[in-house]
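Dropping data15.cif in here (mmCIF, N, CA and C atoms):
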```cif
data_input
#
loop_
_atom_site.label_atom_id
_atom_site.label_comp_id
_atom_site.auth_asym_id
_atom_site.auth_seq_id
_atom_site.Cartn_x
_atom_site.Cartn_y
_atom_site.Cartn_z
N MET A 50 0.85 -1.17 0.00
CA MET A 50 0.00 0.00 0.00
C MET A 50 0.90 1.23 0.00
N LYS A 51 0.58 2.15 -0.91
CA LYS A 51 1.33 3.40 -1.02
C LYS A 51 0.34 4.55 -0.87
N ILE A 52 0.72 5.53 -0.06
CA ILE A 52 -0.14 6.68 0.17
C ILE A 52 0.52 7.92 -0.42
N LYS A 53 -0.24 8.63 -1.23
CA LYS A 53 0.23 9.89 -1.81
C LYS A 53 -0.56 11.02 -1.15
N TYR A 54 0.16 11.84 -0.38
CA TYR A 54 -0.46 12.97 0.32
C TYR A 54 -0.53 14.14 -0.64
N ILE A 55 -1.74 14.59 -0.94
CA ILE A 55 -1.93 15.74 -1.82
C ILE A 55 -2.04 17.00 -0.96
N ASN A 56 -2.94 16.99 -0.02
CA ASN A 56 -3.08 18.05 0.99
C ASN A 56 -3.85 17.45 2.16
N SER A 57 -4.16 18.26 3.16
CA SER A 57 -4.79 17.72 4.37
C SER A 57 -6.21 17.18 4.12
N ASN A 58 -6.74 17.42 2.95
CA ASN A 58 -8.09 16.95 2.64
C ASN A 58 -8.14 16.01 1.44
N LYS A 59 -6.99 15.63 0.90
CA LYS A 59 -6.99 14.75 -0.26
C LYS A 59 -5.81 13.79 -0.20
N TYR A 60 -6.12 12.51 -0.40
CA TYR A 60 -5.13 11.44 -0.36
C TYR A 60 -5.42 10.46 -1.49
N ILE A 61 -4.36 9.91 -2.05
CA ILE A 61 -4.52 8.86 -3.05
C ILE A 61 -3.82 7.62 -2.50
N ILE A 62 -4.55 6.52 -2.44
CA ILE A 62 -4.04 5.28 -1.88
C ILE A 62 -3.93 4.26 -3.02
N TYR A 63 -2.71 3.75 -3.24
CA TYR A 63 -2.46 2.73 -4.27
C TYR A 63 -2.36 1.38 -3.56
N ILE A 64 -3.19 0.44 -3.98
CA ILE A 64 -3.21 -0.87 -3.34
C ILE A 64 -3.06 -1.94 -4.42
N HIS A 65 -1.91 -2.57 -4.44
CA HIS A 65 -1.60 -3.59 -5.45
C HIS A 65 -2.34 -4.89 -5.14
N ASN A 66 -2.60 -5.68 -6.19
CA ASN A 66 -3.28 -6.97 -6.03
C ASN A 66 -2.56 -7.91 -5.08
N SER A 67 -1.23 -7.78 -4.99
CA SER A 67 -0.49 -8.67 -4.10
C SER A 67 -0.80 -8.37 -2.63
N TYR A 68 -1.30 -7.18 -2.34
CA TYR A 68 -1.66 -6.81 -0.97
C TYR A 68 -3.14 -7.07 -0.71
N TYR A 69 -3.98 -6.75 -1.67
CA TYR A 69 -5.42 -6.89 -1.48
C TYR A 69 -6.09 -7.06 -2.83
N SER A 70 -6.89 -8.11 -2.97
CA SER A 70 -7.71 -8.30 -4.17
C SER A 70 -9.12 -7.81 -3.85
N PHE A 71 -9.65 -6.97 -4.72
CA PHE A 71 -10.93 -6.32 -4.45
C PHE A 71 -12.05 -7.34 -4.33
N ARG A 72 -12.76 -7.23 -3.21
CA ARG A 72 -13.98 -8.00 -2.98
C ARG A 72 -14.91 -7.11 -2.16
N MET A 73 -16.16 -7.04 -2.56
CA MET A 73 -17.12 -6.17 -1.87
C MET A 73 -17.29 -6.57 -0.41
N ASP A 74 -17.26 -7.87 -0.12
CA ASP A 74 -17.52 -8.32 1.25
C ASP A 74 -16.38 -7.99 2.22
N THR A 75 -15.19 -7.67 1.72
CA THR A 75 -14.06 -7.33 2.61
C THR A 75 -13.61 -5.88 2.45
N PHE A 76 -14.29 -5.13 1.61
CA PHE A 76 -13.86 -3.76 1.33
C PHE A 76 -13.96 -2.85 2.55
N ASN A 77 -14.98 -3.02 3.37
CA ASN A 77 -15.11 -2.20 4.58
C ASN A 77 -13.94 -2.42 5.54
N ASP A 78 -13.46 -3.66 5.62
CA ASP A 78 -12.29 -3.93 6.46
C ASP A 78 -11.05 -3.22 5.93
N LEU A 79 -10.92 -3.18 4.61
CA LEU A 79 -9.80 -2.46 4.01
C LEU A 79 -9.90 -0.97 4.33
N LEU A 80 -11.09 -0.40 4.21
CA LEU A 80 -11.26 1.02 4.52
C LEU A 80 -10.91 1.33 5.97
N LYS A 81 -11.26 0.45 6.87
CA LYS A 81 -10.90 0.65 8.29
C LYS A 81 -9.39 0.71 8.45
N LYS A 82 -8.67 -0.19 7.76
CA LYS A 82 -7.20 -0.19 7.83
C LYS A 82 -6.63 1.11 7.25
N VAL A 83 -7.19 1.52 6.12
CA VAL A 83 -6.71 2.75 5.47
C VAL A 83 -6.92 3.95 6.38
N PHE A 84 -8.09 4.08 6.96
CA PHE A 84 -8.36 5.23 7.84
C PHE A 84 -7.52 5.19 9.11
N LYS A 85 -7.25 4.01 9.59
CA LYS A 85 -6.39 3.88 10.77
C LYS A 85 -4.98 4.38 10.45
N ILE A 86 -4.48 4.03 9.27
CA ILE A 86 -3.16 4.49 8.84
C ILE A 86 -3.16 6.00 8.63
N LEU A 87 -4.20 6.53 7.97
CA LEU A 87 -4.27 7.97 7.74
C LEU A 87 -4.33 8.75 9.05
N LYS A 88 -5.07 8.23 9.99
CA LYS A 88 -5.18 8.92 11.29
C LYS A 88 -3.84 8.92 12.00
N LYS A 89 -3.15 7.80 11.97
CA LYS A 89 -1.86 7.68 12.66
C LYS A 89 -0.78 8.51 11.97
N ARG A 90 -0.70 8.41 10.65
CA ARG A 90 0.38 9.06 9.90
C ARG A 90 0.16 10.55 9.70
N TYR A 91 -1.09 10.95 9.45
CA TYR A 91 -1.37 12.35 9.10
C TYR A 91 -2.26 13.07 10.12
N GLN A 92 -2.62 12.38 11.19
CA GLN A 92 -3.45 12.96 12.25
C GLN A 92 -4.74 13.59 11.71
N ILE A 93 -5.37 12.94 10.75
CA ILE A 93 -6.60 13.49 10.20
C ILE A 93 -7.75 13.26 11.17
N GLN A 94 -8.69 14.15 11.15
CA GLN A 94 -9.89 14.04 11.96
C GLN A 94 -10.88 13.15 11.21
N LEU A 95 -11.21 12.03 11.80
CA LEU A 95 -12.09 11.07 11.12
C LEU A 95 -13.56 11.47 11.18
N TYR A 96 -13.91 12.38 12.06
CA TYR A 96 -15.30 12.82 12.13
C TYR A 96 -15.51 13.89 11.06
N SER A 97 -15.72 13.43 9.85
CA SER A 97 -15.85 14.30 8.68
C SER A 97 -16.69 13.58 7.64
N ILE A 98 -16.79 14.22 6.49
CA ILE A 98 -17.42 13.61 5.34
C ILE A 98 -16.31 13.20 4.38
N PHE A 99 -16.31 11.93 3.96
CA PHE A 99 -15.31 11.42 3.04
C PHE A 99 -15.99 10.97 1.75
N ASN A 100 -15.51 11.48 0.63
CA ASN A 100 -15.94 11.04 -0.69
C ASN A 100 -14.79 10.25 -1.28
N ILE A 101 -15.06 8.99 -1.59
CA ILE A 101 -14.02 8.10 -2.08
C ILE A 101 -14.39 7.59 -3.46
N ASP A 102 -13.49 7.79 -4.41
CA ASP A 102 -13.60 7.16 -5.72
C ASP A 102 -12.69 5.95 -5.70
N CYS A 103 -13.26 4.78 -5.92
CA CYS A 103 -12.51 3.53 -5.90
C CYS A 103 -12.37 3.04 -7.34
N TYR A 104 -11.15 3.16 -7.88
CA TYR A 104 -10.85 2.73 -9.25
C TYR A 104 -10.30 1.31 -9.18
N ILE A 105 -10.94 0.39 -9.91
CA ILE A 105 -10.59 -1.02 -9.84
C ILE A 105 -10.06 -1.48 -11.19
N ASP A 106 -8.83 -1.96 -11.17
CA ASP A 106 -8.17 -2.48 -12.37
C ASP A 106 -7.76 -3.92 -12.06
N ASN A 107 -8.21 -4.87 -12.85
CA ASN A 107 -7.92 -6.28 -12.58
C ASN A 107 -6.44 -6.62 -12.66
N ASN A 108 -5.67 -5.85 -13.43
CA ASN A 108 -4.24 -6.14 -13.56
C ASN A 108 -3.43 -5.60 -12.39
N TYR A 109 -3.72 -4.39 -11.95
CA TYR A 109 -2.93 -3.76 -10.89
C TYR A 109 -3.55 -3.94 -9.51
N GLY A 110 -4.78 -3.58 -9.35
CA GLY A 110 -5.43 -3.59 -8.04
C GLY A 110 -6.42 -2.45 -7.97
N ILE A 111 -6.37 -1.68 -6.88
CA ILE A 111 -7.29 -0.57 -6.73
C ILE A 111 -6.55 0.70 -6.34
N ILE A 112 -7.16 1.81 -6.70
CA ILE A 112 -6.67 3.11 -6.28
C ILE A 112 -7.85 3.83 -5.64
N LEU A 113 -7.61 4.33 -4.43
CA LEU A 113 -8.64 5.08 -3.72
C LEU A 113 -8.28 6.56 -3.78
N ASN A 114 -9.17 7.35 -4.31
CA ASN A 114 -9.01 8.80 -4.35
C ASN A 114 -9.92 9.34 -3.24
N ILE A 115 -9.32 9.73 -2.11
CA ILE A 115 -10.07 10.11 -0.93
C ILE A 115 -10.08 11.63 -0.77
N LYS A 116 -11.27 12.18 -0.68
CA LYS A 116 -11.44 13.62 -0.46
C LYS A 116 -12.23 13.80 0.84
N ARG A 117 -11.67 14.60 1.73
CA ARG A 117 -12.30 14.85 3.02
C ARG A 117 -12.89 16.25 3.03
N GLU A 118 -14.12 16.35 3.49
CA GLU A 118 -14.77 17.65 3.65
C GLU A 118 -14.95 17.91 5.13
N TYR A 119 -14.48 19.05 5.58
CA TYR A 119 -14.67 19.42 6.97
C TYR A 119 -16.15 19.70 7.21
N ASP A 120 -16.68 19.11 8.26
CA ASP A 120 -18.09 19.31 8.58
C ASP A 120 -18.21 19.47 10.10
N PRO A 121 -18.48 20.67 10.58
CA PRO A 121 -18.56 20.90 12.02
C PRO A 121 -19.62 20.01 12.71
N PHE A 122 -20.70 19.72 12.00
CA PHE A 122 -21.73 18.88 12.59
C PHE A 122 -21.20 17.47 12.84
N SER A 123 -20.45 16.93 11.87
CA SER A 123 -19.87 15.60 12.04
C SER A 123 -18.91 15.57 13.22
N LEU A 124 -18.13 16.61 13.35
CA LEU A 124 -17.18 16.70 14.46
C LEU A 124 -17.93 16.75 15.80
N TYR A 125 -18.94 17.56 15.86
CA TYR A 125 -19.73 17.71 17.09
C TYR A 125 -20.46 16.41 17.45
N SER A 126 -21.03 15.77 16.44
CA SER A 126 -21.81 14.55 16.69
C SER A 126 -20.93 13.29 16.69
N LYS A 127 -19.65 13.46 16.37
CA LYS A 127 -18.69 12.33 16.31
C LYS A 127 -19.16 11.26 15.34
N LYS A 128 -19.51 11.72 14.15
CA LYS A 128 -19.96 10.83 13.09
C LYS A 128 -19.01 10.93 11.90
N THR A 129 -18.85 9.80 11.25
CA THR A 129 -18.07 9.74 10.02
C THR A 129 -19.01 9.32 8.91
N ASN A 130 -19.05 10.11 7.85
CA ASN A 130 -19.90 9.81 6.71
C ASN A 130 -19.00 9.48 5.53
N ILE A 131 -19.13 8.26 5.00
CA ILE A 131 -18.29 7.81 3.89
C ILE A 131 -19.17 7.47 2.70
N ASP A 132 -18.88 8.11 1.58
CA ASP A 132 -19.58 7.84 0.33
C ASP A 132 -18.57 7.29 -0.66
N VAL A 133 -18.79 6.05 -1.10
CA VAL A 133 -17.86 5.39 -2.03
C VAL A 133 -18.52 5.24 -3.39
N LYS A 134 -17.78 5.67 -4.41
CA LYS A 134 -18.22 5.49 -5.79
C LYS A 134 -17.24 4.51 -6.44
N TYR A 135 -17.76 3.40 -6.95
CA TYR A 135 -16.92 2.36 -7.54
C TYR A 135 -16.81 2.55 -9.04
N HIS A 136 -15.59 2.44 -9.54
CA HIS A 136 -15.32 2.52 -10.97
C HIS A 136 -14.72 1.18 -11.39
N HIS A 137 -15.59 0.22 -11.70
CA HIS A 137 -15.14 -1.11 -12.12
C HIS A 137 -14.53 -1.04 -13.51
N ASN A 138 -13.62 -1.95 -13.80
CA ASN A 138 -12.96 -2.05 -15.10
C ASN A 138 -12.28 -0.75 -15.49
N SER A 139 -11.65 -0.09 -14.54
CA SER A 139 -10.89 1.12 -14.83
C SER A 139 -9.64 0.78 -15.62
N VAL A 140 -9.15 1.75 -16.34
CA VAL A 140 -7.91 1.58 -17.10
C VAL A 140 -6.86 2.47 -16.45
N PHE A 141 -5.71 1.89 -16.14
CA PHE A 141 -4.60 2.65 -15.57
C PHE A 141 -3.52 2.81 -16.62
N LEU A 142 -2.91 3.99 -16.65
CA LEU A 142 -1.74 4.23 -17.48
C LEU A 142 -0.56 4.49 -16.56
N TYR A 143 0.60 3.94 -16.93
CA TYR A 143 1.77 3.97 -16.08
C TYR A 143 2.84 4.89 -16.69
N GLU A 144 3.23 5.91 -15.94
CA GLU A 144 4.23 6.86 -16.42
C GLU A 144 5.63 6.26 -16.29
N ILE A 145 6.41 6.36 -17.38
CA ILE A 145 7.79 5.86 -17.39
C ILE A 145 8.71 6.94 -17.91
N ASP A 146 10.00 6.80 -17.61
CA ASP A 146 10.99 7.78 -18.05
C ASP A 146 11.55 7.46 -19.43
N ASP A 147 11.91 6.22 -19.63
CA ASP A 147 12.65 5.84 -20.83
C ASP A 147 11.82 4.91 -21.71
N ILE A 148 11.29 5.44 -22.78
CA ILE A 148 10.45 4.64 -23.67
C ILE A 148 11.26 3.57 -24.41
N LEU A 149 12.55 3.78 -24.56
CA LEU A 149 13.37 2.79 -25.27
C LEU A 149 13.38 1.44 -24.57
N LEU A 150 13.25 1.44 -23.27
CA LEU A 150 13.19 0.18 -22.54
C LEU A 150 11.89 -0.58 -22.81
N PHE A 151 10.88 0.14 -23.27
CA PHE A 151 9.55 -0.44 -23.44
C PHE A 151 9.00 -0.23 -24.84
N LYS A 152 9.87 -0.19 -25.83
CA LYS A 152 9.45 0.13 -27.19
C LYS A 152 8.48 -0.90 -27.78
N ASP A 153 8.44 -2.12 -27.22
CA ASP A 153 7.55 -3.15 -27.72
C ASP A 153 6.14 -3.07 -27.13
N TYR A 154 5.94 -2.15 -26.21
CA TYR A 154 4.64 -2.01 -25.55
C TYR A 154 3.85 -0.86 -26.17
N LYS A 155 2.56 -0.92 -26.00
CA LYS A 155 1.69 0.18 -26.42
C LYS A 155 1.93 1.34 -25.47
N TYR A 156 2.28 2.51 -26.02
CA TYR A 156 2.53 3.67 -25.17
C TYR A 156 1.83 4.91 -25.72
N TYR A 157 1.69 5.89 -24.86
CA TYR A 157 1.05 7.16 -25.18
C TYR A 157 1.95 8.29 -24.74
N ILE A 158 1.89 9.40 -25.45
CA ILE A 158 2.64 10.59 -25.07
C ILE A 158 1.64 11.66 -24.67
N TYR A 159 1.87 12.24 -23.49
CA TYR A 159 0.96 13.26 -22.98
C TYR A 159 1.77 14.22 -22.10
N ASN A 160 1.72 15.51 -22.41
CA ASN A 160 2.48 16.53 -21.67
C ASN A 160 3.96 16.18 -21.57
N ASN A 161 4.52 15.72 -22.67
CA ASN A 161 5.93 15.36 -22.77
C ASN A 161 6.34 14.24 -21.82
N LYS A 162 5.41 13.38 -21.50
CA LYS A 162 5.69 12.20 -20.67
C LYS A 162 5.18 10.97 -21.40
N TYR A 163 5.78 9.83 -21.08
CA TYR A 163 5.41 8.56 -21.70
C TYR A 163 4.57 7.75 -20.73
N TYR A 164 3.52 7.12 -21.28
CA TYR A 164 2.64 6.30 -20.46
C TYR A 164 2.42 4.96 -21.15
N LEU A 165 2.41 3.89 -20.37
CA LEU A 165 2.15 2.55 -20.87
C LEU A 165 0.80 2.07 -20.40
N LYS A 166 0.17 1.30 -21.24
CA LYS A 166 -1.04 0.58 -20.85
C LYS A 166 -0.62 -0.88 -20.71
N LEU A 167 -0.72 -1.40 -19.51
CA LEU A 167 -0.23 -2.74 -19.23
C LEU A 167 -1.37 -3.72 -19.05
N ASP A 168 -1.06 -4.98 -19.29
CA ASP A 168 -2.02 -6.04 -18.99
C ASP A 168 -1.36 -7.02 -18.03
N VAL A 169 -2.05 -8.07 -17.72
CA VAL A 169 -1.55 -9.02 -16.72
C VAL A 169 -0.23 -9.67 -17.14
N ASN A 170 0.05 -9.74 -18.43
CA ASN A 170 1.29 -10.38 -18.91
C ASN A 170 2.53 -9.51 -18.73
N ASN A 171 2.37 -8.19 -18.66
CA ASN A 171 3.55 -7.33 -18.54
C ASN A 171 3.50 -6.40 -17.32
N ILE A 172 2.71 -6.75 -16.35
CA ILE A 172 2.61 -5.93 -15.15
C ILE A 172 3.90 -6.01 -14.32
N SER A 173 4.78 -6.94 -14.63
CA SER A 173 6.02 -7.10 -13.86
C SER A 173 6.96 -5.91 -14.01
N ILE A 174 6.76 -5.06 -14.98
CA ILE A 174 7.64 -3.89 -15.14
C ILE A 174 7.25 -2.76 -14.19
N PHE A 175 6.33 -3.05 -13.29
CA PHE A 175 5.80 -2.03 -12.40
C PHE A 175 6.89 -1.31 -11.61
N ASP A 176 8.01 -1.95 -11.34
CA ASP A 176 9.10 -1.32 -10.58
C ASP A 176 9.68 -0.11 -11.30
N ASN A 177 9.52 -0.01 -12.60
CA ASN A 177 10.06 1.10 -13.38
C ASN A 177 9.06 2.23 -13.59
N VAL A 178 7.96 2.19 -12.90
CA VAL A 178 6.88 3.16 -13.08
C VAL A 178 7.06 4.33 -12.12
N ASN A 179 6.89 5.56 -12.64
CA ASN A 179 6.97 6.76 -11.80
C ASN A 179 5.64 7.11 -11.15
N ASP A 180 4.58 7.02 -11.92
CA ASP A 180 3.26 7.41 -11.42
C ASP A 180 2.21 6.62 -12.19
N ILE A 181 0.99 6.62 -11.66
CA ILE A 181 -0.12 5.91 -12.30
C ILE A 181 -1.26 6.90 -12.50
N LEU A 182 -1.75 6.98 -13.72
CA LEU A 182 -2.95 7.77 -14.00
C LEU A 182 -4.14 6.83 -13.98
N PHE A 183 -5.26 7.29 -13.43
CA PHE A 183 -6.36 6.36 -13.19
C PHE A 183 -7.74 6.95 -13.39
N ASP A 184 -7.88 8.22 -13.65
CA ASP A 184 -9.21 8.81 -13.70
C ASP A 184 -9.57 9.26 -15.11
N GLU A 185 -10.38 10.28 -15.22
CA GLU A 185 -10.85 10.74 -16.53
C GLU A 185 -9.71 11.12 -17.46
N GLU A 186 -8.60 11.53 -16.90
CA GLU A 186 -7.44 11.92 -17.72
C GLU A 186 -6.97 10.77 -18.61
N VAL A 187 -7.10 9.54 -18.14
CA VAL A 187 -6.70 8.37 -18.92
C VAL A 187 -7.48 8.31 -20.23
N PHE A 188 -8.78 8.52 -20.15
CA PHE A 188 -9.61 8.45 -21.36
C PHE A 188 -9.27 9.57 -22.34
N ASN A 189 -8.92 10.75 -21.83
CA ASN A 189 -8.48 11.84 -22.69
C ASN A 189 -7.20 11.46 -23.43
N ILE A 190 -6.27 10.86 -22.73
CA ILE A 190 -5.00 10.46 -23.33
C ILE A 190 -5.22 9.41 -24.40
N ILE A 191 -5.97 8.37 -24.07
CA ILE A 191 -6.19 7.26 -25.01
C ILE A 191 -6.95 7.74 -26.24
N ASN A 192 -7.96 8.56 -26.04
CA ASN A 192 -8.79 9.01 -27.18
C ASN A 192 -8.09 10.03 -28.06
N ASN A 193 -7.09 10.74 -27.54
CA ASN A 193 -6.39 11.76 -28.33
C ASN A 193 -5.07 11.28 -28.92
N ASN A 194 -4.73 10.02 -28.77
CA ASN A 194 -3.50 9.49 -29.34
C ASN A 194 -3.80 8.54 -30.47
#
```
Written as structure tokens, that's how I'd like the structure from this file.
Amino acid sequence: MKIKYINSNKYIIYIHNSYYSFRMDTFNDLLKKVFKILKKRYQIQLYSIFNIDCYIDNNYGIILNIKREYDPFSLYSKKTNIDVKYHHNSVFLYEIDDILLFKDYKYYIYNNKYYLKLDVNNISIFDNVNDILFDEEVFNIINNN
């Protein structure tokens, strides 16, 4: 599990299949672990409103895009409100530095950076990845290349 701190109200959590395979019946347990880590590492106030976009890719795993909204009522009432939106069959693009190492793979160029679209057969190159794109930006890249 990798956590990318954007600001005190936004976090991106990368969870590889080797750590957790997405299942609806165990997802709440995963969220409890994630919030426990966020509270410990970043001292976030859990009595808030959380909007979570859960991007699910069968090759990589899941990415949680967590946005926290401060809500004085939640703090006063000691309630946590979590709204999860699931994006099944998401497509992830992987940012790499050197396209020559991956010239045999399907790649895209966007903002002077190289991105690969990987499948289960070539996910092993994940160690050479700088960043992962996972939201609407992926569709813009794919459709404009």
Legend entry - Target residues per the PyMOL selection byres ((chain A and resi 114-117) around 7), formatted as a PyMOL selection string: chain A and resi 57-62+97-104+112-113+118-119
Inset, instruction - Run the PyMOL selection byres (((chain A and resi 141-156 and name CA) around 9) and name CA) mentally over the shown coordinates, then write out the matched residues as a VMD selection string, using the chain letters and numbers from the document. - result: chain A and resid 104 106 109 139 to 140 157 to 158 162 to 167 171 175 177 to 184 187
Legend entry - Best match for closeness to A:Tyr69 among A:Ile111, A:Asp168, A:Asn160, A:Asn189, counting only N, CA and C atoms: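 Going through A:Ile111, A:Asp168, A:Asn160, A:Asn189 one by one, the smallest distance to A:Tyr69 is for A:Ile111.
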Legend entry - One-decimal distance in Å that lies between atom CA of A:Ser123 and atom CA of A:Tyr63: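 Atom-to-atom, atom CA of A:Tyr63 and atom CA of A:Ser123 are spaced 27.1 Å apart.
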Legend entry - Residue nearest A:Asn107 among A:Lys81, A:Phe122, A:Asn66, A:Asn56 (counting all atoms listed in the file):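 When distances to A:Asn107 are compared using all atoms listed in the file, the smallest one comes from A:Asn66.
The space separating atom C of A:Asn138 from atom C of A:Val83 comes to 23.0 Å.
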Inset, instruction - Go ahead and compute the interatomic distance for atom N of A:Asp120 and atom N of A:Arg72, in Å to one decimal. - result: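 Separating atom N of A:Asp120 from atom N of A:Arg72 is a distance of 29.0 Å.
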Find the residues near A:Arg90: any atom within 12 Å, counting only C-alpha atoms, skip ones fewer than 3 places away on the same chain, and give them as a CSV table (one decimal) with N, CA and C atoms, in the coordinates of the input.
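Below is the file that was written, result.csv:
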```csv
chain,number,residue,atom,x,y,z
A,52,ILE,N,0.7,5.5,-0.1
A,52,ILE,CA,-0.1,6.7,0.2
A,52,ILE,C,0.5,7.9,-0.4
A,53,LYS,N,-0.2,8.6,-1.2
A,53,LYS,CA,0.2,9.9,-1.8
A,53,LYS,C,-0.6,11.0,-1.2
A,54,TYR,N,0.2,11.8,-0.4
A,54,TYR,CA,-0.5,13.0,0.3
A,54,TYR,C,-0.5,14.1,-0.6
A,57,SER,N,-4.2,18.3,3.2
A,57,SER,CA,-4.8,17.7,4.4
A,57,SER,C,-6.2,17.2,4.1
A,60,TYR,N,-6.1,12.5,-0.4
A,60,TYR,CA,-5.1,11.4,-0.4
A,60,TYR,C,-5.4,10.5,-1.5
A,83,VAL,N,-7.2,1.5,6.1
A,83,VAL,CA,-6.7,2.8,5.5
A,83,VAL,C,-6.9,4.0,6.4
A,84,PHE,N,-8.1,4.1,7.0
A,84,PHE,CA,-8.4,5.2,7.8
A,84,PHE,C,-7.5,5.2,9.1
A,85,LYS,N,-7.2,4.0,9.6
A,85,LYS,CA,-6.4,3.9,10.8
A,85,LYS,C,-5.0,4.4,10.4
A,86,ILE,N,-4.5,4.0,9.3
A,86,ILE,CA,-3.2,4.5,8.8
A,86,ILE,C,-3.2,6.0,8.6
A,87,LEU,N,-4.2,6.5,8.0
A,87,LEU,CA,-4.3,8.0,7.7
A,87,LEU,C,-4.3,8.8,9.0
A,93,ILE,N,-5.4,12.9,10.8
A,93,ILE,CA,-6.6,13.5,10.2
A,93,ILE,C,-7.8,13.3,11.2
A,94,GLN,N,-8.7,14.2,11.2
A,94,GLN,CA,-9.9,14.0,12.0
A,94,GLN,C,-10.9,13.2,11.2
```
Inset, instruction - Please give the complete set of residues from chain A that DSSP, run on the backbone, assigns to strand (DSSP E), formatted as a PyMOL selection string. - result: chain A and resi 51-56+59-65+98-106+110-118+130-136+142-145+156-159+162-166+180-182
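Take the candidates A:Ile55, A:Leu95, A:Ile64, A:Ile190 and check each one against A:Phe76 using only C-alpha atoms; the shortest distance goes to A:Ile64.
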Inset, instruction - Using backbone DSSP assignments, extract all helix (DSSP H, G or I) residues from chain A; output them as a ChimeraX atom specification. - result: /A:73-91,121-126,148-151,172-177,185-192
Work out where the centre of an axis-aligned box around every listed atom of stretch 53-71 of chain A lies and how long its edges are once 6 Å is added on each side; give both in Å to one decimal as AutoDock Vina command-line options.
```
--center_x -5.9 --center_y 4.8 --center_z -0.9 --size_x 24.3 --size_y 38.9 --size_z 22.6
```
